[in-house]
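Visitor: Contents of query.txt (compact mmCIF, C-alpha atoms):
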# COMPACT_ATOMS: atom_id res chain seq x y z
CA MET A 1 -241.14 -120.58 -24.20
CA THR A 2 -240.15 -117.10 -25.06
CA ALA A 3 -240.56 -115.39 -28.40
CA GLU A 4 -237.18 -113.70 -28.08
CA GLN A 5 -234.64 -113.93 -30.87
CA ASP A 6 -232.62 -117.05 -30.26
CA ASP A 7 -229.77 -117.47 -32.72
CA ASP A 8 -227.80 -120.03 -30.76
CA ARG A 9 -230.74 -122.07 -29.51
CA LEU A 10 -229.88 -125.63 -28.47
CA PRO A 11 -231.37 -128.55 -30.40
CA ASP A 12 -234.93 -129.40 -29.42
CA SER A 13 -233.88 -132.87 -28.26
CA TRP A 14 -231.37 -131.30 -25.86
CA LEU A 15 -233.94 -128.86 -24.54
CA ALA A 16 -236.41 -131.69 -24.04
CA ALA A 17 -233.75 -133.60 -22.13
CA ALA A 18 -232.92 -130.48 -20.09
CA ARG A 19 -236.58 -130.16 -19.09
CA GLU A 20 -236.49 -133.70 -17.75
CA HIS A 21 -233.58 -132.75 -15.46
CA HIS A 22 -234.87 -131.78 -11.98
CA ARG A 23 -238.42 -132.03 -13.30
CA PRO A 24 -240.59 -130.65 -10.49
CA PRO A 25 -243.49 -132.65 -9.08
CA PRO A 26 -246.74 -130.77 -8.41
CA ALA A 27 -246.19 -128.16 -5.70
CA PRO A 28 -247.34 -129.43 -2.28
CA ARG A 29 -249.40 -126.29 -1.82
CA ALA A 30 -251.34 -127.12 1.33
CA GLU A 31 -248.37 -128.57 3.22
CA MET A 32 -246.18 -125.59 2.42
CA TRP A 33 -248.92 -123.14 3.37
CA ASP A 34 -249.36 -124.87 6.74
CA ALA A 35 -245.61 -124.65 7.35
CA ILE A 36 -245.55 -120.98 6.38
CA ALA A 37 -248.47 -120.21 8.68
CA ALA A 38 -246.82 -122.08 11.57
CA ARG A 39 -243.49 -120.29 11.17
CA ARG A 40 -245.14 -116.88 10.91
CA GLU A 41 -247.22 -117.63 13.98
CA ARG A 42 -244.07 -118.56 15.94
CA ARG A 43 -242.49 -115.25 15.00
CA LYS A 44 -245.61 -113.34 16.00
CA ALA A 45 -245.76 -115.23 19.30
CA THR A 46 -242.15 -114.30 20.00
CA ARG A 47 -242.98 -110.64 19.50
CA ARG A 48 -246.08 -110.89 21.73
CA ASN A 49 -244.09 -112.60 24.48
CA LEU A 50 -241.47 -109.89 24.34
CA ARG A 51 -244.07 -107.22 24.97
CA ARG A 52 -245.55 -109.10 27.94
CA LEU A 53 -242.18 -109.86 29.49
CA ARG A 54 -241.13 -106.26 29.20
CA TRP A 55 -243.98 -105.18 31.45
CA GLY A 56 -243.06 -107.85 33.96
CA LEU A 57 -239.49 -106.66 34.12
CA ALA A 58 -240.21 -102.97 34.43
CA LEU A 59 -240.10 -102.99 38.20
CA ALA A 60 -236.89 -105.01 38.27
CA ALA A 61 -235.31 -102.62 35.82
CA THR A 62 -236.03 -99.64 37.99
CA LEU A 63 -234.64 -101.41 41.01
CA VAL A 64 -231.43 -102.65 39.39
CA LEU A 65 -230.58 -99.37 37.71
CA GLY A 66 -231.46 -97.50 40.86
CA ILE A 67 -228.93 -99.60 42.76
CA GLY A 68 -226.40 -99.03 40.00
CA ILE A 69 -226.81 -95.29 40.18
CA GLY A 70 -226.61 -95.42 43.94
CA ARG A 71 -223.30 -97.23 43.76
CA MET A 72 -221.92 -94.80 41.23
CA GLY A 73 -223.06 -91.93 43.37
CA TRP A 74 -221.45 -93.48 46.42
CA LEU A 75 -218.15 -93.91 44.55
CA ALA A 76 -218.35 -90.40 43.20
CA GLY A 77 -219.04 -89.15 46.68
CA ALA A 78 -215.62 -90.43 47.83
CA ARG A 79 -213.87 -88.19 45.31
CA PRO A 80 -213.10 -84.51 45.74
CA ALA A 81 -216.17 -82.45 45.01
CA ALA A 82 -214.40 -80.57 42.20
CA ALA A 83 -214.02 -83.82 40.24
CA MET A 84 -217.73 -84.39 40.09
CA GLY A 85 -219.53 -83.11 37.02
CA PRO A 86 -223.16 -82.05 37.04
CA ALA A 87 -224.14 -85.17 35.06
CA ALA A 88 -222.67 -87.73 37.47
CA PRO A 89 -225.85 -89.85 37.72
CA GLY A 90 -225.96 -90.13 33.89
CA THR A 91 -222.54 -91.72 33.97
CA ALA A 92 -224.05 -94.85 35.52
CA TYR A 93 -226.33 -95.35 32.56
CA ARG A 94 -223.51 -94.71 30.14
CA VAL A 95 -221.26 -97.27 31.75
CA VAL A 96 -224.01 -99.89 31.85
CA ALA A 97 -225.09 -99.14 28.30
CA ALA A 98 -221.54 -99.14 26.94
CA GLN A 99 -220.73 -102.50 28.46
CA TYR A 100 -223.99 -103.93 27.20
CA LEU A 101 -223.53 -102.61 23.66
CA VAL A 102 -219.98 -103.93 23.39
CA ARG A 103 -221.03 -107.40 24.54
CA THR A 104 -224.05 -107.44 22.25
CA GLU A 105 -222.03 -106.33 19.24
CA ALA A 106 -219.49 -109.09 19.86
CA LEU A 107 -222.20 -111.72 20.19
CA LEU A 108 -224.15 -110.70 17.10
CA THR A 109 -221.04 -110.33 14.96
CA ASP A 110 -219.91 -113.82 15.92
CA PHE A 111 -223.42 -115.22 15.46
CA HIS A 112 -223.72 -113.64 12.02
CA ALA A 113 -220.44 -115.17 10.88
CA ALA A 114 -220.97 -118.58 12.46
CA SER A 115 -224.58 -119.06 11.40
CA ARG A 116 -223.86 -118.21 7.78
CA GLY A 117 -221.48 -121.14 7.86
CA GLY A 118 -224.29 -123.31 9.21
CA ARG A 119 -222.80 -123.65 12.70
CA LEU A 120 -224.38 -122.74 16.00
CA ASP A 121 -222.45 -123.03 19.23
CA PRO A 122 -224.96 -123.59 22.07
CA GLN A 123 -223.10 -120.86 23.99
CA PHE A 124 -224.70 -118.33 21.64
CA VAL A 125 -228.11 -119.25 22.99
CA GLY A 126 -227.03 -118.84 26.62
CA ALA A 127 -225.26 -115.55 25.95
CA ALA A 128 -228.31 -114.25 24.05
CA ARG A 129 -230.56 -115.07 27.02
CA ASP A 130 -228.28 -113.12 29.37
CA LEU A 131 -228.14 -110.14 27.05
CA LEU A 132 -231.88 -110.31 26.48
CA THR A 133 -232.48 -109.74 30.17
CA THR A 134 -230.17 -106.73 30.13
CA THR A 135 -231.88 -105.44 26.98
CA ARG A 136 -235.22 -105.44 28.74
CA LEU A 137 -233.72 -103.66 31.72
CA MET A 138 -232.25 -101.08 29.38
CA LEU A 139 -235.57 -100.60 27.61
CA ASP A 140 -237.27 -99.82 30.88
CA SER A 141 -234.55 -97.50 32.07
CA PRO A 142 -234.03 -93.81 31.34
CA ALA A 143 -231.42 -94.91 28.81
CA ALA A 144 -234.32 -95.66 26.46
CA ASP A 145 -235.48 -92.05 26.57
CA ASP A 146 -233.25 -91.49 23.58
CA PRO A 147 -235.42 -92.42 20.58
CA ARG A 148 -232.54 -93.78 18.50
CA LEU A 149 -231.22 -95.95 21.30
CA ALA A 150 -234.75 -97.11 22.14
CA ALA A 151 -235.32 -98.17 18.52
CA LEU A 152 -231.99 -100.01 18.49
CA LEU A 153 -232.79 -101.72 21.79
CA GLN A 154 -236.16 -102.89 20.45
CA ASP A 155 -234.52 -104.41 17.39
CA LEU A 156 -231.83 -106.01 19.56
CA GLU A 157 -234.53 -107.43 21.80
CA LEU A 158 -236.21 -109.10 18.84
CA VAL A 159 -232.99 -110.54 17.45
CA LEU A 160 -231.69 -111.72 20.82
CA ALA A 161 -235.06 -113.32 21.64
CA GLN A 162 -234.94 -115.25 18.41
CA ILE A 163 -231.41 -116.48 19.11
CA ALA A 164 -232.36 -117.34 22.69
CA GLN A 165 -235.22 -119.50 21.40
CA LEU A 166 -233.18 -121.40 18.82
CA PRO A 167 -233.38 -125.13 19.35
CA GLY A 168 -230.18 -127.04 20.05
CA GLU A 169 -228.60 -129.48 17.64
CA PRO A 170 -229.30 -129.79 14.82
CA ALA A 171 -229.27 -126.05 14.21
CA ARG A 172 -232.23 -124.86 12.13
CA GLN A 173 -230.64 -123.10 9.21
CA ASP A 174 -233.93 -121.53 8.14
CA GLU A 175 -234.42 -119.96 11.58
CA MET A 176 -230.83 -118.67 11.59
CA ASP A 177 -231.37 -117.25 8.11
CA LEU A 178 -234.43 -115.33 9.30
CA ILE A 179 -232.45 -113.92 12.22
CA ASN A 180 -229.69 -112.85 9.86
CA GLN A 181 -232.34 -111.35 7.61
CA ASP A 182 -233.56 -109.25 10.53
CA LEU A 183 -229.98 -108.22 11.32
CA THR A 184 -229.48 -107.11 7.74
CA GLN A 185 -232.85 -105.54 7.00
CA ARG A 186 -232.84 -103.48 10.17
CA SER A 187 -229.14 -102.60 9.80
CA VAL A 188 -228.77 -103.77 13.38
CA LEU A 189 -225.03 -104.40 13.33
CA SER A 190 -224.12 -101.11 11.68
CA ARG A 191 -226.36 -99.16 14.08
CA LEU A 192 -224.92 -101.11 16.98
CA ARG A 193 -221.37 -100.33 15.89
CA ALA A 194 -222.24 -96.66 15.52
CA ALA A 195 -223.55 -96.65 19.08
CA THR A 196 -220.70 -98.66 20.59
CA PRO A 197 -217.72 -96.80 22.08
CA ALA A 198 -214.48 -97.32 20.18
CA ALA A 199 -212.02 -99.74 21.78
CA GLY A 200 -209.96 -98.00 24.45
CA ALA A 201 -212.16 -94.92 24.41
CA PRO A 202 -213.97 -93.79 27.53
CA ALA A 203 -217.31 -95.47 28.08
CA ARG A 204 -219.50 -93.16 26.06
CA ILE A 205 -222.44 -93.89 23.81
CA GLN A 206 -221.82 -91.94 20.64
CA GLY A 207 -224.92 -89.96 19.89
CA ALA A 208 -227.16 -92.43 21.62
CA LEU A 209 -227.36 -91.03 25.12
CA MET B 1 -260.89 -109.54 -7.61
CA ASP B 2 -257.71 -108.16 -9.18
CA GLU B 3 -254.24 -108.58 -7.78
CA ALA B 4 -253.91 -104.98 -6.61
CA ASP B 5 -256.93 -105.47 -4.36
CA LEU B 6 -255.54 -108.73 -3.07
CA ILE B 7 -252.24 -107.07 -2.23
CA ALA B 8 -253.97 -104.20 -0.46
CA ARG B 9 -255.99 -106.65 1.62
CA ALA B 10 -252.92 -108.77 2.34
CA ARG B 11 -251.08 -105.67 3.50
CA ALA B 12 -253.94 -105.04 5.89
CA GLY B 13 -253.29 -108.49 7.31
CA GLU B 14 -256.24 -110.33 5.82
CA PRO B 15 -255.32 -114.04 5.85
CA ALA B 16 -257.61 -114.97 2.94
CA ALA B 17 -255.89 -112.42 0.72
CA GLU B 18 -252.45 -113.71 1.70
CA ARG B 19 -253.58 -117.22 0.90
CA ALA B 20 -254.96 -116.14 -2.47
CA LEU B 21 -251.68 -114.42 -3.36
CA TYR B 22 -249.81 -117.53 -2.31
CA GLU B 23 -252.04 -119.79 -4.40
CA ALA B 24 -251.62 -117.55 -7.43
CA HIS B 25 -247.82 -117.67 -7.36
CA VAL B 26 -246.66 -120.70 -5.43
CA ASP B 27 -246.49 -123.08 -8.37
CA ARG B 28 -244.00 -120.97 -10.30
CA VAL B 29 -241.89 -120.26 -7.23
CA TYR B 30 -241.79 -123.94 -6.26
CA ARG B 31 -241.01 -125.00 -9.83
CA LEU B 32 -238.06 -122.63 -9.99
CA ALA B 33 -236.81 -123.69 -6.56
CA TYR B 34 -237.05 -127.33 -7.54
CA ARG B 35 -235.32 -126.75 -10.86
CA MET B 36 -232.49 -124.98 -9.08
CA THR B 37 -232.10 -127.55 -6.31
CA GLY B 38 -233.35 -130.85 -7.65
CA ASP B 39 -234.43 -131.60 -4.09
CA ASP B 40 -238.00 -131.56 -2.82
CA ASP B 41 -237.11 -130.69 0.80
CA LEU B 42 -234.91 -127.77 -0.26
CA ALA B 43 -237.49 -126.59 -2.79
CA ARG B 44 -240.16 -126.59 -0.09
CA ASP B 45 -237.91 -124.75 2.37
CA PHE B 46 -236.93 -122.13 -0.18
CA THR B 47 -240.54 -121.65 -1.31
CA GLN B 48 -241.67 -121.17 2.29
CA ASP B 49 -238.82 -118.71 2.98
CA THR B 50 -239.74 -116.79 -0.16
CA PHE B 51 -243.35 -116.27 0.91
CA ILE B 52 -242.50 -115.53 4.54
CA ARG B 53 -240.08 -112.83 3.40
CA ALA B 54 -242.51 -111.54 0.78
CA PHE B 55 -245.34 -111.16 3.30
CA GLU B 56 -243.00 -109.43 5.75
CA ARG B 57 -241.90 -107.00 3.06
CA LEU B 58 -245.25 -106.54 1.36
CA HIS B 59 -245.34 -102.91 2.50
CA GLU B 60 -242.30 -102.33 0.25
CA PHE B 61 -244.19 -103.41 -2.88
CA ARG B 62 -245.11 -100.21 -4.72
CA GLY B 63 -247.25 -101.76 -7.42
CA GLU B 64 -245.09 -100.26 -10.16
CA ALA B 65 -244.39 -103.72 -11.58
CA GLN B 66 -246.20 -107.04 -11.60
CA PHE B 67 -246.28 -108.77 -8.24
CA SER B 68 -244.51 -111.76 -9.81
CA THR B 69 -241.71 -109.45 -11.00
CA TRP B 70 -241.29 -108.30 -7.40
CA LEU B 71 -241.60 -111.81 -5.94
CA HIS B 72 -239.16 -113.67 -8.15
CA PRO B 73 -236.01 -111.78 -7.12
CA ILE B 74 -236.84 -112.82 -3.57
CA ALA B 75 -237.26 -116.43 -4.68
CA VAL B 76 -234.00 -116.44 -6.64
CA THR B 77 -232.07 -114.78 -3.81
CA VAL B 78 -233.43 -117.24 -1.27
CA ALA B 79 -232.59 -120.20 -3.49
CA LEU B 80 -229.09 -119.05 -4.43
CA ASN B 81 -228.16 -118.13 -0.86
CA GLY B 82 -229.65 -121.36 0.42
CA LEU B 83 -227.79 -123.43 -2.16
CA ARG B 84 -224.49 -121.78 -1.26
CA LYS B 85 -225.02 -122.68 2.37
CA VAL B 86 -225.99 -126.24 1.51
CA LYS B 87 -222.95 -126.53 -0.73
CA ARG B 88 -220.65 -125.35 2.06
CA LEU B 89 -222.22 -127.76 4.53
CA ARG B 90 -222.11 -130.71 2.21
CA GLY B 91 -218.84 -129.83 0.53
CA ARG B 92 -216.86 -132.89 1.46
CA GLU B 93 -219.79 -135.23 0.90
CA ALA B 94 -220.43 -133.68 -2.53
CA ASP B 95 -216.79 -134.09 -3.54
CA LEU B 96 -217.03 -137.76 -2.75
CA ASP B 97 -220.28 -138.16 -4.68
CA GLU B 98 -218.83 -136.34 -7.66
CA GLY B 99 -215.86 -138.65 -7.75
CA LEU B 100 -218.11 -141.68 -7.71
CA GLU B 101 -220.31 -140.22 -10.43
CA VAL B 102 -217.37 -139.53 -12.73
CA ALA B 103 -216.06 -143.04 -12.20
CA GLY B 104 -219.50 -144.46 -13.00
CA MET B 105 -219.69 -142.44 -16.19
CA ALA B 106 -216.33 -143.64 -17.38
CA ARG B 107 -217.58 -147.21 -17.10
CA ALA B 108 -220.72 -146.51 -19.07
CA ALA B 109 -220.59 -148.10 -22.50
CA GLU B 110 -223.32 -145.98 -24.11
CA PRO B 111 -223.36 -142.34 -23.12
CA ASP B 112 -226.89 -141.18 -22.54
CA LEU B 113 -227.95 -137.70 -23.63
CA LYS B 114 -230.15 -137.02 -20.62
CA ARG B 115 -227.52 -138.07 -18.12
CA ARG B 116 -224.71 -136.29 -19.90
CA LEU B 117 -226.76 -133.13 -20.24
CA ALA B 118 -227.83 -133.27 -16.59
CA THR B 119 -224.20 -133.58 -15.51
CA ALA B 120 -223.18 -130.74 -17.81
CA ILE B 121 -225.96 -128.48 -16.50
CA ASP B 122 -224.98 -129.21 -12.92
CA ALA B 123 -221.36 -128.42 -13.76
CA LEU B 124 -222.19 -124.96 -15.14
CA PRO B 125 -221.09 -121.99 -13.05
CA GLU B 126 -223.91 -120.79 -10.82
CA GLY B 127 -224.73 -117.68 -12.87
CA TYR B 128 -224.81 -119.53 -16.18
CA ARG B 129 -226.84 -122.39 -14.75
CA THR B 130 -229.41 -120.05 -13.20
CA VAL B 131 -229.95 -118.14 -16.44
CA PHE B 132 -230.05 -121.35 -18.52
CA VAL B 133 -232.61 -122.97 -16.23
CA MET B 134 -234.75 -119.86 -16.03
CA HIS B 135 -234.71 -119.14 -19.76
CA ASP B 136 -234.35 -122.40 -21.66
CA VAL B 137 -236.05 -124.68 -19.15
CA GLU B 138 -238.66 -122.55 -17.38
CA GLY B 139 -239.31 -119.98 -20.10
CA TYR B 140 -238.56 -116.73 -18.27
CA THR B 141 -237.77 -113.74 -20.47
CA HIS B 142 -234.40 -112.00 -20.25
CA GLU B 143 -236.17 -109.00 -18.72
CA GLU B 144 -237.63 -111.20 -15.98
CA ILE B 145 -234.28 -112.87 -15.39
CA GLY B 146 -232.50 -109.52 -15.29
CA ALA B 147 -234.98 -108.26 -12.71
CA ALA B 148 -234.68 -111.42 -10.64
CA LEU B 149 -230.89 -111.41 -10.62
CA GLY B 150 -230.43 -107.65 -10.44
CA VAL B 151 -228.59 -107.46 -13.78
CA GLU B 152 -229.28 -105.96 -17.19
CA SER B 153 -231.18 -108.14 -19.65
CA GLY B 154 -228.10 -107.96 -21.91
CA THR B 155 -226.08 -109.65 -19.18
CA SER B 156 -228.70 -112.37 -18.98
CA LYS B 157 -228.43 -112.90 -22.75
CA ALA B 158 -224.64 -113.05 -22.58
CA GLN B 159 -224.70 -115.57 -19.74
CA LEU B 160 -227.23 -117.73 -21.57
CA SER B 161 -225.04 -117.72 -24.66
CA ARG B 162 -222.01 -118.79 -22.60
CA ALA B 163 -224.04 -121.46 -20.84
CA ARG B 164 -225.16 -122.90 -24.15
CA ALA B 165 -221.59 -122.82 -25.46
CA ARG B 166 -220.40 -124.74 -22.41
CA LEU B 167 -223.13 -127.32 -22.89
CA ARG B 168 -222.26 -127.73 -26.56
CA GLU B 169 -218.64 -128.20 -25.60
CA ALA B 170 -219.55 -130.79 -22.97
CA LEU B 171 -221.78 -132.67 -25.40
CA ALA B 172 -219.62 -132.30 -28.47
CA ASP B 173 -220.22 -135.88 -29.53
CA PHE B 174 -223.93 -135.09 -29.87
CA ALA B 175 -223.13 -132.08 -32.05
CA GLU B 176 -224.64 -133.55 -35.18
CA GLU B 177 -228.02 -132.86 -33.62
CA ARG B 178 -227.27 -129.14 -33.43
CA VAL B 179 -229.76 -126.82 -35.08
CA PRO B 180 -228.16 -125.29 -38.21
Taking this structure as input, can you express it in the form of structure tokens?

Guide:
Amino acid sequence: MTAEQDDDRLPDSWLAAAREHHRPPPAPRAEMWDAIAARRERRKATRRNLRRLRWGLALAATLVLGIGIGRMGWLAGARPAAAMGPAAPGTAYRVVAAQYLVRTEALLTDFHAASRGGRLDPQFVGAARDLLTTTRLMLDSPAADDPRLAALLQDLELVLAQIAQLPGEPARQDEMDLINQDLTQRSVLSRLRAATPAAGAPARIQGAL
Amino acid sequence: MDEADLIARARAGEPAAERALYEAHVDRVYRLAYRMTGDDDLARDFTQDTFIRAFERLHEFRGEAQFSTWLHPIAVTVALNGLRKVKRLRGREADLDEGLEVAGMARAAEPDLKRRLATAIDALPEGYRTVFVMHDVEGYTHEEIGAALGVESGTSKAQLSRARARLREALADFAEERVP
């Protein structure tokens, strides 16, 4: 016990009884260490897989965004020449990025609220998988030339990959807690909101592109 | 090997150093988690979460305080947040259990100090209970508790005093045993 001054100390018999309440057994050291090692290994494996998959999707990213730009260019080509700005091709990236950021913000905000209440709608997992694919496309596109957006996309990739890999029912609260921890520690939601266009505003990535 | 060396090696990703740090501190973390939860599964989960988070954040440890002083706020935060979630999830079930427990107590002919005290401790507000368990049960100092809870040590002292007052009130019929 402590040697601090203790004027209103409880009777010794009460303290002895209090120490019997929730009296811990010996710590199961080895079992807990094995569980810690397994969970850390799963998280490392997730990160490794993300890096491998990103390489595999690089070609697809170039193709999809190339088509997107081509379409935007075709649409722009139908307008009067005076209406076309010098940065018309960049508009394609902005539109794609804006839509993606808005959807991702909505998903992560809902996930954050729902998971803290211990609930996990399976739709979160499906939506995260869809957005994860787009994230990888974005990372391999010129949109990721912006260092701040690239850093945000990398964090989003990690968080979305973790949500996409969550098992179904029953929801693993500890896994959801770790995802929320990543969201908080990396300030993902606040950075995402800063990069997302305001509702009703033109599709523009504030400071990110 | 001293702890600073262990931490440096753990930061460099050396598994043996991480394991040694874990072995040096796991008992106290688990004890606190168990005291706060009274449940082995929850205590294990919270202990594991504590070390996973600690290893992930090890680069943030500056070495200005003891490693245990840095680790225990993580343990307390994990346990308190985890308990709040469990309480929300089990809210209705807990209400039912509580009702049954109260009814059972009313039928008891001879009130038992241990049981009455256990019920009174569990009924303390979260902040009071945490400080009482840490100080009077597990022997943490007010400075350690203040660091773990992110409050001044004076706040810890005040909360302990209120916790003890609540317990005395709840166990008034045992008051003759009070220390003069």

Visitor: How far is it from CA of Thr134 (chain A) to CA of Val96 (chain A), in Å with one decimal?

Guide: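 Taking CA of Thr134 (chain A) and CA of Val96 (chain A), their separation equals 9.4 Å.
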
Visitor: With distances taken over all atoms listed in the file, which of B:Thr141, B:Thr130, B:Ser153, B:Gln159 is nearest to chain A?

Guide: B:Thr141

Visitor: Which residue, A:Ser187, A:Pro122, A:Arg172, A:Pro25, has the smallest gap to Ala33 (chain B) when you use only C-alpha atoms?

Guide: A:Pro25

Visitor: What does the structure give for the distance between CA of Leu80 (chain B) and CA of Asp122 (chain B), in Å to one decimal?

Guide: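 Between CA of Leu80 (chain B) and CA of Asp122 (chain B) the gap is 13.9 Å.
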
Visitor: Provide as a PDB file with C-alpha atoms, keeping the file's coordinate frame the residues of chain A at most 10 Å from chain B, counting all atoms listed in the file.

Guide:
ATOM      1  CA  MET A   1    -241.140-120.580 -24.200  1.00  0.00           C
ATOM      2  CA  THR A   2    -240.150-117.100 -25.060  1.00  0.00           C
ATOM      3  CA  ALA A   3    -240.560-115.390 -28.400  1.00  0.00           C
ATOM      4  CA  GLU A   4    -237.180-113.700 -28.080  1.00  0.00           C
ATOM      5  CA  ASP A   6    -232.620-117.050 -30.260  1.00  0.00           C
ATOM      6  CA  ASP A   7    -229.770-117.470 -32.720  1.00  0.00           C
ATOM      7  CA  ASP A   8    -227.800-120.030 -30.760  1.00  0.00           C
ATOM      8  CA  ARG A   9    -230.740-122.070 -29.510  1.00  0.00           C
ATOM      9  CA  LEU A  10    -229.880-125.630 -28.470  1.00  0.00           C
ATOM     10  CA  PRO A  11    -231.370-128.550 -30.400  1.00  0.00           C
ATOM     11  CA  ASP A  12    -234.930-129.400 -29.420  1.00  0.00           C
ATOM     12  CA  SER A  13    -233.880-132.870 -28.260  1.00  0.00           C
ATOM     13  CA  TRP A  14    -231.370-131.300 -25.860  1.00  0.00           C
ATOM     14  CA  LEU A  15    -233.940-128.860 -24.540  1.00  0.00           C
ATOM     15  CA  ALA A  16    -236.410-131.690 -24.040  1.00  0.00           C
ATOM     16  CA  ALA A  17    -233.750-133.600 -22.130  1.00  0.00           C
ATOM     17  CA  ALA A  18    -232.920-130.480 -20.090  1.00  0.00           C
ATOM     18  CA  ARG A  19    -236.580-130.160 -19.090  1.00  0.00           C
ATOM     19  CA  GLU A  20    -236.490-133.700 -17.750  1.00  0.00           C
ATOM     20  CA  HIS A  21    -233.580-132.750 -15.460  1.00  0.00           C
ATOM     21  CA  HIS A  22    -234.870-131.780 -11.980  1.00  0.00           C
ATOM     22  CA  ARG A  23    -238.420-132.030 -13.300  1.00  0.00           C
ATOM     23  CA  PRO A  24    -240.590-130.650 -10.490  1.00  0.00           C
ATOM     24  CA  PRO A  25    -243.490-132.650  -9.080  1.00  0.00           C
ATOM     25  CA  PRO A  26    -246.740-130.770  -8.410  1.00  0.00           C
ATOM     26  CA  ALA A  27    -246.190-128.160  -5.700  1.00  0.00           C
ATOM     27  CA  PRO A  28    -247.340-129.430  -2.280  1.00  0.00           C
ATOM     28  CA  ARG A  29    -249.400-126.290  -1.820  1.00  0.00           C
ATOM     29  CA  ALA A  30    -251.340-127.120   1.330  1.00  0.00           C
ATOM     30  CA  GLU A  31    -248.370-128.570   3.220  1.00  0.00           C
ATOM     31  CA  MET A  32    -246.180-125.590   2.420  1.00  0.00           C
ATOM     32  CA  TRP A  33    -248.920-123.140   3.370  1.00  0.00           C
ATOM     33  CA  ASP A  34    -249.360-124.870   6.740  1.00  0.00           C
ATOM     34  CA  ALA A  35    -245.610-124.650   7.350  1.00  0.00           C
ATOM     35  CA  ILE A  36    -245.550-120.980   6.380  1.00  0.00           C
ATOM     36  CA  ALA A  37    -248.470-120.210   8.680  1.00  0.00           C
ATOM     37  CA  ARG A  39    -243.490-120.290  11.170  1.00  0.00           C
ATOM     38  CA  ARG A  40    -245.140-116.880  10.910  1.00  0.00           C
ATOM     39  CA  SER A 115    -224.580-119.060  11.400  1.00  0.00           C
ATOM     40  CA  ARG A 116    -223.860-118.210   7.780  1.00  0.00           C
ATOM     41  CA  GLY A 117    -221.480-121.140   7.860  1.00  0.00           C
ATOM     42  CA  GLY A 118    -224.290-123.310   9.210  1.00  0.00           C
ATOM     43  CA  ARG A 119    -222.800-123.650  12.700  1.00  0.00           C
ATOM     44  CA  GLN A 173    -230.640-123.100   9.210  1.00  0.00           C
ATOM     45  CA  ASP A 174    -233.930-121.530   8.140  1.00  0.00           C
ATOM     46  CA  GLU A 175    -234.420-119.960  11.580  1.00  0.00           C
ATOM     47  CA  ASP A 177    -231.370-117.250   8.110  1.00  0.00           C
ATOM     48  CA  LEU A 178    -234.430-115.330   9.300  1.00  0.00           C
ATOM     49  CA  GLN A 181    -232.340-111.350   7.610  1.00  0.00           C
ATOM     50  CA  GLN A 185    -232.850-105.540   7.000  1.00  0.00           C
TER      51      GLN A 185
END

Visitor: Between CA of Lys44 (chain A) and CA of Ala10 (chain B), measure the distance and give it in Å to one decimal.

Guide: 16.2 Å

Visitor: My list of candidates is B:Leu58, B:Leu124, B:Ala24, B:Ala147. Which is closest to Ala8 (chain B) when distances are computed with only C-alpha atoms?

Guide: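 Smallest separation from Ala8 (chain B) among the options: B:Leu58.
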
Visitor: Env of region 1-6 of chain B: 9 Å cut, atoms = all atoms listed in the file, seq-sep filter 2 positions within chain, self excluded. Answer as a list in words.

Guide: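 Here the answer would be Ala8, Arg9, Ala10, Arg11, Ala16, Ala17, Glu18, Ala20, Leu21, Gly63 and Phe67 of chain B.
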
Visitor: Using all atoms listed in the file, can you tell me which of B:Ser156, B:Val151, B:Asp112, B:Trp70 comes closest to Val131 (chain B)?

Guide: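 Using all atoms listed in the file, the shortest distance to Val131 (chain B) belongs to B:Ser156.
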
Visitor: Take every atom of region 157-167 of chain A listed in the file, pad by 5 Å on each side, and give me the axis-aligned box centre and edge lengths in Å, one decimal, as lines of an AutoDock Vina configuration file.

Guide:
center_x = -233.8
center_y = -116.3
center_z = 20.1
size_x = 14.8
size_y = 27.7
size_z = 15.2
